[in-house]
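A quick write-up on the structure given underneath.
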Amino acid sequence: MCGIVGYVGSRQAVPLLLEGLRRLEYRGYDSAGVAVVRDGLHLVRRVGPVANLAKAVAVEPPGGTGIGHTRWATHGVVAEPNAHPHLDSTSRIAVVHNAIIENHAAILALLEQEGIQFRSETDTEVLPHLIRKFYQGDPVEAVRAALLLVQGTYGIAVAFADHPDVLIAARNGSPLVLGKGEGETFLASDPQALAGHARQVMYLEDREIVLITAEAWDITRLDGVRITHALEELATELVWSGKGSYAHHMLKEIHEQPESLRRCLSGRVVLDQGGAKLGGLDLPPSEIANITRVGLLGCGTSFHASLVGAAAMENLARIPAFAEVASEFRHRNPVIDQGALFLAVSQSGETADTLGAIREVQLKGGRVMGVVNSVGSSIARTCGHGVYVHSGPEIAVASTKAFTSQVAALLVAGLMFGRTRILGLHEGQSFGRELLGVPELVERYLDAPGAIDAAAELVSGGKYVFFFGRGVSHAVAMEGALKLKEVAYVPCMSYPAAEMKHGPIALIDANTPVVAVVPDDTMRDKTLSNVQEVKARGARIIIVHTEGDVYAAALADVSIPVPRTHSSLISPLVTVLPLQLIAYRAGIMLDRDIDRPRNLAKSVTVE
Ligand code: F6R
């Protein structure tokens with residue numbers, strides 16, 4: 001979603017701002033802009049990719065202080081006047097903003113009464129005008145006074161023509177990080193933009209304002225109290241990674257899964273004890289024994305991983321568990337039982353819906369821990385405790401390697417809790433051993449993935465596609481359907497296989513593509529009966545099944561064998577792989593923008 005960059009120093013700001021914006025492109029956006037201070041404010045904005053903006057600023061406005069932004073439209077259509085930065089009416093103050101000003105309509109009405117004319121349809125534009133209203137020479141105090149009137153969430157950066165050597169930034173619910181260079185300071189909404197420029201960073205907290213110069217920064221809270229934050233080392237994982245020899249980030253990330261799974265599992269399964277160690281979930285055994293239920297909260301792909309996590313908690317540890325879409329959770333006034341443990345699952349660590357759910361748990365005195373990929377992200381920081389899944393930076397908008405790492409981390413958590421509660425040494429050891437063998441199975445499958453193109457042709461020609469499975473394979477079916485929607489824009493539905501006959505089967509006619517996820521587990525026979533039911537009505541069947549299952553293979557129009565896993569809880573780590581590849585290949589066949597599908601954002605920072 002929207003991205004912010006800023007620079008104060010002696011170098012030309014524009015190339016640095018453009019580089020930062022390019023690094024934020026993966027988050028999804030529809031327009032971009034920069035404002036640079038030198039003898040006034042120079043503003044350039046363009047709809048479309050950062051490359052359009054780069055062409056437009058070919059003659060660089062000189063200047064060593066500037067702000068930049070990539071916008072993902074929320075209030076107002078995709079158009080240049082709605083792109084950021086936004087200026088006040090004297091064009092002396094420029095603002096970039098992430099997230100949403102909830103009371104912008106009231107502020108706008110107030111400012112219009114005072115004669116201000118608005119030039120955009122955005123909520124953001126109230127900010128430069130409001131800051132101007134309070135500006136009497138001190139930029140920090142003007143921003144503070146403006147923000148005291150604002151309700152909602154924001155990460156903002158503000159440049160003043162009158163103060164060419166400073167930037168002001170502030171946050172409330174939308175991340176900002178500052179990076180220290182040699183005689184220069186960088187600002188960004190995503191630490192990915194700072195990699196290579198700053199080794200030491202400082203994360204701003206909610207309701208804080210910072211005055212940034214080339215040499216230093218000065219933080220005060222919105223209430224005026226001065227504070228300091230320690231510098232942190234920028235995570236070493238944040239090395240800017242290109243596509244290597246792969247055509248797309250998505251394909252590269254699919255193929256990185258053996259390695260990302262090794263990283264996730266490394267040092268966490270303790271075979272001689274038949275258990276596991278997850279530093280961030282360091283609950284003493286007596287507390288683990290007393291957990292009354294586990295609630296897993298996430299969105300999209302992270303919700304699908306949460307469904308597998310809930311199954312792991314129930315089956316391995318016999319703790320009642322549920323997974324819920326984070327965006328719904330906090331709006332239903334949930335009961336937060338004091339013995340419960342909540343896990344917030346997120347790749348980006350910035351998803352506003354998931355952050356909202358976390359705050360609901362915390363507000364009601366509950367315990368919530370993060371299962372997060374992005375180190376230092378808002379969710380990791382808000383939870384304080386939790387585990388990193390270590391899949392490494394995921395650049396393609398469609399999540400792939402983060403899903404398998406989330407599932408693996410949740411299975412490790414299930415093993416850890418299970419061993420404390422009900423699992424015997426040998427059961428724990430055999431589960432742990434199988435988990436440690438998964439990266440090799442994934443590698444073996446990806447080396448010879450089977451009839452992916454035949455499956456991709458079938459689904460890309462369909463009006464709509466059904467995905468089904470049972471138990472954890474239903475979570476995989478949901479994930480496969482989500483991938484195909486996102487990457488190939490093919491309408492899909494996913495159902496627990498047995499539900500088909502309760503209604504959806506009415507939609508099956510000759511040639512409807514159906515993708516069935518049927519590993520060789522206790523649900524296999526029943527799922528294959530459900531396959532027979534749709535086959536009898538003319539559906540074209542793709543079956544993802546365990547290698548050697550000749551009966552399942554014979555039922556399919558396209559059969560895709562995957563390596564055997566003995567525990568059905570582990571099967572999603574292999575059955576999801578062909579579904580990721582089918583979505584990728586279907587996207588290629590339909591000529592889609594694979595890494596940046598339309599309308600989507602990598603980091604969904606609005607509710
Ligand atoms: C799917 C996808 C989204 C995200 C969802 C949650 O490919 O990328 O559905 O899974 O927006 O994002 P995180 O995991 O960053 O909280």
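Ordered as shown in the structure tokens, chains take letters A, B, and onward, while each chain numbers its residues from 1 and ligands are numbered from 1 in the order shown.
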
### Site check for ligand 1: residues at most 7 Å away, only C-alpha atoms and all ligand atoms, as a ChimeraX atom specification
/A:298-302,345-351,354,397-400,482-483,486,602-604

May I have all residues of segment 83-162 of chain A that DSSP, computed from the backbone, assigns to alpha helix (DSSP H), given as a PDB file with all heavy atoms, in the first residue's frame?
ATOM      1  N   HIS A 104     -11.589  13.755   8.446  1.00  0.00           N
ATOM      2  CA  HIS A 104     -11.171  14.740   7.439  1.00  0.00           C
ATOM      3  C   HIS A 104     -12.347  15.576   6.940  1.00  0.00           C
ATOM      4  O   HIS A 104     -12.172  16.757   6.628  1.00  0.00           O
ATOM      5  CB  HIS A 104     -10.438  14.069   6.278  1.00  0.00           C
ATOM      6  CG  HIS A 104     -11.336  13.379   5.308  1.00  0.00           C
ATOM      7  ND1 HIS A 104     -11.836  12.114   5.516  1.00  0.00           N
ATOM      8  CD2 HIS A 104     -11.857  13.791   4.128  1.00  0.00           C
ATOM      9  CE1 HIS A 104     -12.599  11.770   4.518  1.00  0.00           C
ATOM     10  NE2 HIS A 104     -12.642  12.765   3.660  1.00  0.00           N
ATOM     11  N   ALA A 105     -13.557  14.981   6.920  1.00  0.00           N
ATOM     12  CA  ALA A 105     -14.698  15.744   6.392  1.00  0.00           C
ATOM     13  C   ALA A 105     -14.977  16.955   7.294  1.00  0.00           C
ATOM     14  O   ALA A 105     -15.219  18.071   6.805  1.00  0.00           O
ATOM     15  CB  ALA A 105     -15.918  14.849   6.299  1.00  0.00           C
ATOM     16  N   ALA A 106     -14.901  16.753   8.607  1.00  0.00           N
ATOM     17  CA  ALA A 106     -15.156  17.862   9.540  1.00  0.00           C
ATOM     18  C   ALA A 106     -14.065  18.930   9.410  1.00  0.00           C
ATOM     19  O   ALA A 106     -14.353  20.141   9.397  1.00  0.00           O
ATOM     20  CB  ALA A 106     -15.196  17.323  10.972  1.00  0.00           C
ATOM     21  N   ILE A 107     -12.810  18.494   9.287  1.00  0.00           N
ATOM     22  CA  ILE A 107     -11.703  19.471   9.174  1.00  0.00           C
ATOM     23  C   ILE A 107     -11.828  20.237   7.851  1.00  0.00           C
ATOM     24  O   ILE A 107     -11.625  21.457   7.793  1.00  0.00           O
ATOM     25  CB  ILE A 107     -10.334  18.748   9.265  1.00  0.00           C
ATOM     26  CG1 ILE A 107     -10.192  18.059  10.631  1.00  0.00           C
ATOM     27  CG2 ILE A 107      -9.187  19.737   9.055  1.00  0.00           C
ATOM     28  CD1 ILE A 107      -8.922  17.233  10.785  1.00  0.00           C
ATOM     29  N   LEU A 108     -12.191  19.491   6.805  1.00  0.00           N
ATOM     30  CA  LEU A 108     -12.332  20.130   5.492  1.00  0.00           C
ATOM     31  C   LEU A 108     -13.404  21.220   5.545  1.00  0.00           C
ATOM     32  O   LEU A 108     -13.202  22.346   5.070  1.00  0.00           O
ATOM     33  CB  LEU A 108     -12.689  19.055   4.469  1.00  0.00           C
ATOM     34  CG  LEU A 108     -12.813  19.471   3.011  1.00  0.00           C
ATOM     35  CD1 LEU A 108     -12.209  18.387   2.113  1.00  0.00           C
ATOM     36  CD2 LEU A 108     -14.250  19.709   2.603  1.00  0.00           C
ATOM     37  N   ALA A 109     -14.533  20.904   6.197  1.00  0.00           N
ATOM     38  CA  ALA A 109     -15.622  21.885   6.277  1.00  0.00           C
ATOM     39  C   ALA A 109     -15.137  23.140   7.014  1.00  0.00           C
ATOM     40  O   ALA A 109     -15.393  24.273   6.596  1.00  0.00           O
ATOM     41  CB  ALA A 109     -16.820  21.265   6.998  1.00  0.00           C
ATOM     42  N   LEU A 110     -14.399  22.917   8.091  1.00  0.00           N
ATOM     43  CA  LEU A 110     -13.861  24.039   8.879  1.00  0.00           C
ATOM     44  C   LEU A 110     -12.932  24.907   8.025  1.00  0.00           C
ATOM     45  O   LEU A 110     -13.034  26.130   7.993  1.00  0.00           O
ATOM     46  CB  LEU A 110     -13.093  23.445  10.066  1.00  0.00           C
ATOM     47  CG  LEU A 110     -12.436  24.395  11.019  1.00  0.00           C
ATOM     48  CD1 LEU A 110     -13.362  24.593  12.210  1.00  0.00           C
ATOM     49  CD2 LEU A 110     -11.099  23.837  11.509  1.00  0.00           C
ATOM     50  N   LEU A 111     -12.042  24.247   7.287  1.00  0.00           N
ATOM     51  CA  LEU A 111     -11.060  24.991   6.493  1.00  0.00           C
ATOM     52  C   LEU A 111     -11.737  25.697   5.308  1.00  0.00           C
ATOM     53  O   LEU A 111     -11.353  26.803   4.938  1.00  0.00           O
ATOM     54  CB  LEU A 111      -9.953  24.054   6.005  1.00  0.00           C
ATOM     55  CG  LEU A 111      -9.030  23.515   7.115  1.00  0.00           C
ATOM     56  CD1 LEU A 111      -8.167  22.363   6.603  1.00  0.00           C
ATOM     57  CD2 LEU A 111      -8.145  24.625   7.663  1.00  0.00           C
ATOM     58  N   GLU A 112     -12.753  25.049   4.738  1.00  0.00           N
ATOM     59  CA  GLU A 112     -13.464  25.696   3.623  1.00  0.00           C
ATOM     60  C   GLU A 112     -14.164  26.967   4.082  1.00  0.00           C
ATOM     61  O   GLU A 112     -14.166  27.972   3.379  1.00  0.00           O
ATOM     62  CB  GLU A 112     -14.466  24.723   2.987  1.00  0.00           C
ATOM     63  CG  GLU A 112     -13.790  23.845   1.944  1.00  0.00           C
ATOM     64  CD  GLU A 112     -14.745  22.904   1.231  1.00  0.00           C
ATOM     65  OE1 GLU A 112     -15.844  22.621   1.764  1.00  0.00           O
ATOM     66  OE2 GLU A 112     -14.383  22.427   0.147  1.00  0.00           O
ATOM     67  N   GLN A 113     -14.686  26.915   5.316  1.00  0.00           N
ATOM     68  CA  GLN A 113     -15.328  28.128   5.872  1.00  0.00           C
ATOM     69  C   GLN A 113     -14.320  29.263   5.981  1.00  0.00           C
ATOM     70  O   GLN A 113     -14.656  30.431   5.909  1.00  0.00           O
ATOM     71  CB  GLN A 113     -15.847  27.841   7.270  1.00  0.00           C
ATOM     72  CG  GLN A 113     -17.257  27.299   7.284  1.00  0.00           C
ATOM     73  CD  GLN A 113     -17.628  26.863   8.698  1.00  0.00           C
ATOM     74  OE1 GLN A 113     -16.989  27.246   9.674  1.00  0.00           O
ATOM     75  NE2 GLN A 113     -18.648  26.036   8.779  1.00  0.00           N
ATOM     76  N   VAL A 126      -6.220  17.772   3.895  1.00  0.00           N
ATOM     77  CA  VAL A 126      -6.515  18.654   5.045  1.00  0.00           C
ATOM     78  C   VAL A 126      -5.234  18.940   5.844  1.00  0.00           C
ATOM     79  O   VAL A 126      -5.115  19.989   6.488  1.00  0.00           O
ATOM     80  CB  VAL A 126      -7.590  18.063   5.996  1.00  0.00           C
ATOM     81  CG1 VAL A 126      -8.909  17.896   5.276  1.00  0.00           C
ATOM     82  CG2 VAL A 126      -7.161  16.770   6.655  1.00  0.00           C
ATOM     83  N   LEU A 127      -4.268  18.015   5.780  1.00  0.00           N
ATOM     84  CA  LEU A 127      -3.085  18.167   6.648  1.00  0.00           C
ATOM     85  C   LEU A 127      -2.231  19.391   6.305  1.00  0.00           C
ATOM     86  O   LEU A 127      -1.945  20.205   7.196  1.00  0.00           O
ATOM     87  CB  LEU A 127      -2.236  16.887   6.631  1.00  0.00           C
ATOM     88  CG  LEU A 127      -2.847  15.684   7.354  1.00  0.00           C
ATOM     89  CD1 LEU A 127      -2.003  14.435   7.144  1.00  0.00           C
ATOM     90  CD2 LEU A 127      -2.998  15.971   8.843  1.00  0.00           C
ATOM     91  N   PRO A 128      -1.781  19.574   5.035  1.00  0.00           N
ATOM     92  CA  PRO A 128      -0.960  20.763   4.778  1.00  0.00           C
ATOM     93  C   PRO A 128      -1.697  22.062   5.108  1.00  0.00           C
ATOM     94  O   PRO A 128      -1.092  23.013   5.640  1.00  0.00           O
ATOM     95  CB  PRO A 128      -0.628  20.671   3.287  1.00  0.00           C
ATOM     96  CG  PRO A 128      -1.548  19.648   2.725  1.00  0.00           C
ATOM     97  CD  PRO A 128      -1.915  18.738   3.841  1.00  0.00           C
ATOM     98  N   HIS A 129      -3.024  22.095   4.842  1.00  0.00           N
ATOM     99  CA  HIS A 129      -3.765  23.338   5.137  1.00  0.00           C
ATOM    100  C   HIS A 129      -3.864  23.565   6.649  1.00  0.00           C
ATOM    101  O   HIS A 129      -3.740  24.692   7.128  1.00  0.00           O
ATOM    102  CB  HIS A 129      -5.169  23.263   4.526  1.00  0.00           C
ATOM    103  CG  HIS A 129      -5.152  23.169   3.027  1.00  0.00           C
ATOM    104  ND1 HIS A 129      -4.567  24.138   2.237  1.00  0.00           N
ATOM    105  CD2 HIS A 129      -5.624  22.224   2.185  1.00  0.00           C
ATOM    106  CE1 HIS A 129      -4.701  23.792   0.953  1.00  0.00           C
ATOM    107  NE2 HIS A 129      -5.329  22.624   0.907  1.00  0.00           N
ATOM    108  N   LEU A 130      -4.079  22.476   7.373  1.00  0.00           N
ATOM    109  CA  LEU A 130      -4.199  22.603   8.833  1.00  0.00           C
ATOM    110  C   LEU A 130      -2.844  23.013   9.449  1.00  0.00           C
ATOM    111  O   LEU A 130      -2.786  23.852  10.353  1.00  0.00           O
ATOM    112  CB  LEU A 130      -4.648  21.241   9.392  1.00  0.00           C
ATOM    113  CG  LEU A 130      -5.375  21.219  10.716  1.00  0.00           C
ATOM    114  CD1 LEU A 130      -6.588  22.129  10.709  1.00  0.00           C
ATOM    115  CD2 LEU A 130      -5.822  19.770  11.030  1.00  0.00           C
ATOM    116  N   ILE A 131      -1.782  22.431   8.922  1.00  0.00           N
ATOM    117  CA  ILE A 131      -0.442  22.777   9.443  1.00  0.00           C
ATOM    118  C   ILE A 131      -0.159  24.258   9.153  1.00  0.00           C
ATOM    119  O   ILE A 131       0.339  24.990  10.011  1.00  0.00           O
ATOM    120  CB  ILE A 131       0.634  21.846   8.815  1.00  0.00           C
ATOM    121  CG1 ILE A 131       0.428  20.401   9.303  1.00  0.00           C
ATOM    122  CG2 ILE A 131       2.047  22.326   9.167  1.00  0.00           C
ATOM    123  CD1 ILE A 131       1.227  19.345   8.573  1.00  0.00           C
ATOM    124  N   ARG A 132      -0.528  24.689   7.943  1.00  0.00           N
ATOM    125  CA  ARG A 132      -0.338  26.121   7.589  1.00  0.00           C
ATOM    126  C   ARG A 132      -1.104  27.026   8.564  1.00  0.00           C
ATOM    127  O   ARG A 132      -0.598  28.049   9.014  1.00  0.00           O
ATOM    128  CB  ARG A 132      -0.801  26.339   6.138  1.00  0.00           C
ATOM    129  CG  ARG A 132      -1.291  27.700   5.769  1.00  0.00           C
ATOM    130  CD  ARG A 132      -0.213  28.779   5.800  1.00  0.00           C
ATOM    131  NE  ARG A 132       0.984  28.416   5.070  1.00  0.00           N
ATOM    132  CZ  ARG A 132       2.145  29.061   5.189  1.00  0.00           C
ATOM    133  NH1 ARG A 132       2.257  30.085   6.023  1.00  0.00           N
ATOM    134  NH2 ARG A 132       3.186  28.691   4.502  1.00  0.00           N
ATOM    135  N   LYS A 133      -2.325  26.607   8.918  1.00  0.00           N
ATOM    136  CA  LYS A 133      -3.173  27.413   9.807  1.00  0.00           C
ATOM    137  C   LYS A 133      -2.448  27.670  11.135  1.00  0.00           C
ATOM    138  O   LYS A 133      -2.552  28.747  11.712  1.00  0.00           O
ATOM    139  CB  LYS A 133      -4.479  26.635  10.037  1.00  0.00           C
ATOM    140  CG  LYS A 133      -5.484  27.265  10.962  1.00  0.00           C
ATOM    141  CD  LYS A 133      -6.741  26.369  10.976  1.00  0.00           C
ATOM    142  CE  LYS A 133      -7.572  26.543  12.221  1.00  0.00           C
ATOM    143  NZ  LYS A 133      -8.251  27.806  12.301  1.00  0.00           N
ATOM    144  N   PHE A 134      -1.702  26.659  11.602  1.00  0.00           N
ATOM    145  CA  PHE A 134      -1.052  26.798  12.916  1.00  0.00           C
ATOM    146  C   PHE A 134       0.406  27.244  12.820  1.00  0.00           C
ATOM    147  O   PHE A 134       1.071  27.399  13.842  1.00  0.00           O
ATOM    148  CB  PHE A 134      -1.121  25.462  13.674  1.00  0.00           C
ATOM    149  CG  PHE A 134      -2.528  25.084  14.055  1.00  0.00           C
ATOM    150  CD1 PHE A 134      -3.161  23.989  13.477  1.00  0.00           C
ATOM    151  CD2 PHE A 134      -3.225  25.842  14.990  1.00  0.00           C
ATOM    152  CE1 PHE A 134      -4.459  23.651  13.825  1.00  0.00           C
ATOM    153  CE2 PHE A 134      -4.532  25.509  15.344  1.00  0.00           C
ATOM    154  CZ  PHE A 134      -5.151  24.415  14.754  1.00  0.00           C
ATOM    155  N   PRO A 139       8.155  24.706  12.835  1.00  0.00           N
ATOM    156  CA  PRO A 139       7.499  23.619  12.077  1.00  0.00           C
ATOM    157  C   PRO A 139       6.972  22.506  12.978  1.00  0.00           C
ATOM    158  O   PRO A 139       5.896  21.964  12.719  1.00  0.00           O
ATOM    159  CB  PRO A 139       8.615  23.103  11.156  1.00  0.00           C
ATOM    160  CG  PRO A 139       9.898  23.601  11.725  1.00  0.00           C
ATOM    161  CD  PRO A 139       9.584  24.851  12.478  1.00  0.00           C
ATOM    162  N   VAL A 140       7.713  22.157  14.049  1.00  0.00           N
ATOM    163  CA  VAL A 140       7.261  21.057  14.912  1.00  0.00           C
ATOM    164  C   VAL A 140       5.954  21.435  15.599  1.00  0.00           C
ATOM    165  O   VAL A 140       5.001  20.647  15.648  1.00  0.00           O
ATOM    166  CB  VAL A 140       8.336  20.703  15.961  1.00  0.00           C
ATOM    167  CG1 VAL A 140       7.803  19.669  16.948  1.00  0.00           C
ATOM    168  CG2 VAL A 140       9.583  20.183  15.289  1.00  0.00           C
ATOM    169  N   GLU A 141       5.899  22.660  16.108  1.00  0.00           N
ATOM    170  CA  GLU A 141       4.692  23.072  16.842  1.00  0.00           C
ATOM    171  C   GLU A 141       3.486  23.163  15.912  1.00  0.00           C
ATOM    172  O   GLU A 141       2.357  22.866  16.309  1.00  0.00           O
ATOM    173  CB  GLU A 141       4.929  24.385  17.587  1.00  0.00           C
ATOM    174  CG  GLU A 141       5.900  24.245  18.759  1.00  0.00           C
ATOM    175  CD  GLU A 141       5.637  22.981  19.613  1.00  0.00           C
ATOM    176  OE1 GLU A 141       4.470  22.702  19.946  1.00  0.00           O
ATOM    177  OE2 GLU A 141       6.605  22.261  19.918  1.00  0.00           O
ATOM    178  N   ALA A 142       3.722  23.555  14.655  1.00  0.00           N
ATOM    179  CA  ALA A 142       2.607  23.619  13.694  1.00  0.00           C
ATOM    180  C   ALA A 142       2.063  22.223  13.428  1.00  0.00           C
ATOM    181  O   ALA A 142       0.847  21.997  13.415  1.00  0.00           O
ATOM    182  CB  ALA A 142       3.079  24.270  12.397  1.00  0.00           C
ATOM    183  N   VAL A 143       2.965  21.254  13.256  1.00  0.00           N
ATOM    184  CA  VAL A 143       2.520  19.874  12.992  1.00  0.00           C
ATOM    185  C   VAL A 143       1.808  19.326  14.232  1.00  0.00           C
ATOM    186  O   VAL A 143       0.751  18.703  14.147  1.00  0.00           O
ATOM    187  CB  VAL A 143       3.722  18.972  12.595  1.00  0.00           C
ATOM    188  CG1 VAL A 143       3.302  17.512  12.519  1.00  0.00           C
ATOM    189  CG2 VAL A 143       4.306  19.431  11.261  1.00  0.00           C
ATOM    190  N   ARG A 144       2.375  19.622  15.414  1.00  0.00           N
ATOM    191  CA  ARG A 144       1.757  19.128  16.653  1.00  0.00           C
ATOM    192  C   ARG A 144       0.324  19.673  16.789  1.00  0.00           C
ATOM    193  O   ARG A 144      -0.618  18.929  17.046  1.00  0.00           O
ATOM    194  CB  ARG A 144       2.597  19.559  17.855  1.00  0.00           C
ATOM    195  CG  ARG A 144       2.154  18.898  19.173  1.00  0.00           C
ATOM    196  CD  ARG A 144       2.809  19.518  20.401  1.00  0.00           C
ATOM    197  NE  ARG A 144       4.209  19.791  20.257  1.00  0.00           N
ATOM    198  CZ  ARG A 144       5.182  18.883  20.359  1.00  0.00           C
ATOM    199  NH1 ARG A 144       4.877  17.625  20.597  1.00  0.00           N
ATOM    200  NH2 ARG A 144       6.439  19.225  20.209  1.00  0.00           N
ATOM    201  N   ALA A 145       0.185  20.977  16.588  1.00  0.00           N
ATOM    202  CA  ALA A 145      -1.142  21.588  16.759  1.00  0.00           C
ATOM    203  C   ALA A 145      -2.139  20.985  15.770  1.00  0.00           C
ATOM    204  O   ALA A 145      -3.296  20.717  16.111  1.00  0.00           O
ATOM    205  CB  ALA A 145      -1.030  23.103  16.557  1.00  0.00           C
ATOM    206  N   ALA A 146      -1.667  20.736  14.545  1.00  0.00           N
ATOM    207  CA  ALA A 146      -2.566  20.149  13.540  1.00  0.00           C
ATOM    208  C   ALA A 146      -2.963  18.733  13.951  1.00  0.00           C
ATOM    209  O   ALA A 146      -4.143  18.363  13.912  1.00  0.00           O
ATOM    210  CB  ALA A 146      -1.880  20.140  12.177  1.00  0.00           C
ATOM    211  N   LEU A 147      -1.988  17.941  14.374  1.00  0.00           N
ATOM    212  CA  LEU A 147      -2.281  16.537  14.680  1.00  0.00           C
ATOM    213  C   LEU A 147      -3.170  16.386  15.905  1.00  0.00           C
ATOM    214  O   LEU A 147      -3.884  15.392  16.036  1.00  0.00           O
ATOM    215  CB  LEU A 147      -0.977  15.743  14.860  1.00  0.00           C
ATOM    216  CG  LEU A 147      -0.157  15.583  13.571  1.00  0.00           C
ATOM    217  CD1 LEU A 147       1.122  14.789  13.838  1.00  0.00           C
ATOM    218  CD2 LEU A 147      -0.973  14.910  12.465  1.00  0.00           C
TER     219      LEU A 147
END

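The shortest atom-to-atom distance to Arg46 of chain A, with only C-alpha atoms taken into account, belongs to A:Asp30 out of A:Asp30, A:Asp453, A:Glu184, A:Glu499.
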
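Atom CA of Arg27 of chain A sits 9.1 Å away from atom CA of Trp72 of chain A.
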
### Task
Determine which residues of segment 17-184 of chain A receive a DSSP assignment of strand (DSSP E or B), computed from the backbone, and state them as a count of residues only.
49

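Distance check against Thr420 of chain A using only C-alpha atoms: of A:Gln257, A:Gln151, A:Asn290, A:Asn511, the minimum falls on A:Asn290.
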
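With only C-alpha atoms as the atoms that count, the residue of A:Asn315, A:Ser10, A:Asn103, A:Gln200 with the shortest distance to Ala214 of chain A is A:Ser10.
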
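Every protein or nucleic acid residue with an atom no more than 12 Å from His249 of chain A, counting only C-alpha atoms and leaving out same-chain residues fewer than 5 positions away, appears here: Tyr26, Ser241, Gly242, Lys243, Gly244, Ile254, His255, Glu256, Pro393, Glu394, Ile395, Ala396, Val397, Ala398, Ser399, Thr400, Lys401, Tyr584, Asp593, Ile594, Asp595 and Arg596 of chain A.
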
Which residues are close to Val201 of chain A, i.e. within 8 Å by only C-alpha atoms, leaving aside same-chain residues fewer than 6 positions away? Reply as a PDB file with N, CA and C atoms, in the first residue's frame.
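Result saved to out28.pdb:
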ATOM      1  N   VAL A 177      10.250   4.645  10.034  1.00  0.00           N
ATOM      2  CA  VAL A 177      11.550   4.282  10.579  1.00  0.00           C
ATOM      3  C   VAL A 177      12.592   5.268  10.044  1.00  0.00           C
ATOM      4  N   LEU A 178      13.519   5.672  10.924  1.00  0.00           N
ATOM      5  CA  LEU A 178      14.574   6.598  10.528  1.00  0.00           C
ATOM      6  C   LEU A 178      15.890   5.837  10.462  1.00  0.00           C
ATOM      7  N   GLY A 179      16.713   6.167   9.471  1.00  0.00           N
ATOM      8  CA  GLY A 179      18.002   5.499   9.331  1.00  0.00           C
ATOM      9  C   GLY A 179      19.125   6.521   9.364  1.00  0.00           C
ATOM     10  N   LYS A 180      20.194   6.170  10.067  1.00  0.00           N
ATOM     11  CA  LYS A 180      21.307   7.103  10.243  1.00  0.00           C
ATOM     12  C   LYS A 180      22.388   6.779   9.217  1.00  0.00           C
ATOM     13  N   LEU A 231      18.950   3.258  19.218  1.00  0.00           N
ATOM     14  CA  LEU A 231      19.138   2.827  17.829  1.00  0.00           C
ATOM     15  C   LEU A 231      19.126   1.308  17.783  1.00  0.00           C
ATOM     16  N   GLU A 232      18.604   0.763  16.693  1.00  0.00           N
ATOM     17  CA  GLU A 232      18.617  -0.696  16.532  1.00  0.00           C
ATOM     18  C   GLU A 232      19.368  -1.017  15.243  1.00  0.00           C
ATOM     19  N   GLU A 233      19.963  -2.206  15.199  1.00  0.00           N
ATOM     20  CA  GLU A 233      20.619  -2.640  13.963  1.00  0.00           C
ATOM     21  C   GLU A 233      19.535  -3.005  12.953  1.00  0.00           C
ATOM     22  N   LEU A 234      19.699  -2.562  11.711  1.00  0.00           N
ATOM     23  CA  LEU A 234      18.743  -2.958  10.675  1.00  0.00           C
ATOM     24  C   LEU A 234      18.888  -4.457  10.448  1.00  0.00           C
TER      25      LEU A 234
END

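Contact shell of Met416 of chain A at 10 Å (only C-alpha atoms; same-chain neighbours under 5 positions omitted): Arg268, Val269, Val270, Gly274, Gly275, Ala276, Lys277, Leu278, Leu281, Pro285, Ile288, Met313, Leu316, Ala317, Leu410, Leu411, Arg421, Leu423, Gly428 and Gly432 of chain A.
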
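Between atom CA of Met1 of chain A and atom CA of Arg71 of chain A there is a distance of 7.0 Å.
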
Give me the residues of segment 508-542 of chain A that have any atom at most 9 Å from an atom of segment 559-563 of chain A; for each, the nearest atom pair and the distance in Å, rounded to one decimal. Use only C-alpha atoms, sort by chain and number, and format it as JSON lines.
{"residue": "A:Pro519", "atom": "CA", "partner": "A:Val562", "partner_atom": "CA", "distance": 8.3}
{"residue": "A:Ile541", "atom": "CA", "partner": "A:Ser559", "partner_atom": "CA", "distance": 8.3}
{"residue": "A:Ile542", "atom": "CA", "partner": "A:Ser559", "partner_atom": "CA", "distance": 5.8}

Next, write the just-selected residues to a file, as an mmCIF file, in the first residue's frame, keeping N, CA and C atoms as the atom set.
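Once everything was written out, this is out-v6.cif:
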data_model
loop_
_atom_site.group_PDB
_atom_site.id
_atom_site.type_symbol
_atom_site.label_atom_id
_atom_site.label_comp_id
_atom_site.auth_asym_id
_atom_site.auth_seq_id
_atom_site.Cartn_x
_atom_site.Cartn_y
_atom_site.Cartn_z
ATOM 1 N N PRO A 519 -4.553 -35.441 -0.186
ATOM 2 C CA PRO A 519 -3.421 -36.262 0.251
ATOM 3 C C PRO A 519 -3.932 -37.566 0.865
ATOM 4 N N ILE A 541 -11.360 -32.548 -13.797
ATOM 5 C CA ILE A 541 -10.783 -32.660 -12.454
ATOM 6 C C ILE A 541 -9.256 -32.597 -12.459
ATOM 7 N N ILE A 542 -8.747 -31.738 -11.592
ATOM 8 C CA ILE A 542 -7.302 -31.735 -11.308
ATOM 9 C C ILE A 542 -7.168 -32.251 -9.881
#

For the interface of segment 190-286 of chain A with segment 17-24 of chain A (cut-off 9 Å, counting only C-alpha atoms), please tabulate each contacting residue of segment 190-286 of chain A alongside its nearest pair of atoms and their separation in Å to one decimal, rows sorted by chain and increasing number, as a Markdown table.
| residue | atom | partner | partner_atom | distance |
| --- | --- | --- | --- | --- |
| A:Asp190 | CA | A:Leu24 | CA | 7.5 |
| A:Gln192 | CA | A:Arg23 | CA | 6.8 |
| A:Ala193 | CA | A:Gly20 | CA | 4.9 |
| A:Leu194 | CA | A:Gly20 | CA | 7.3 |
| A:Trp240 | CA | A:Arg23 | CA | 8.0 |
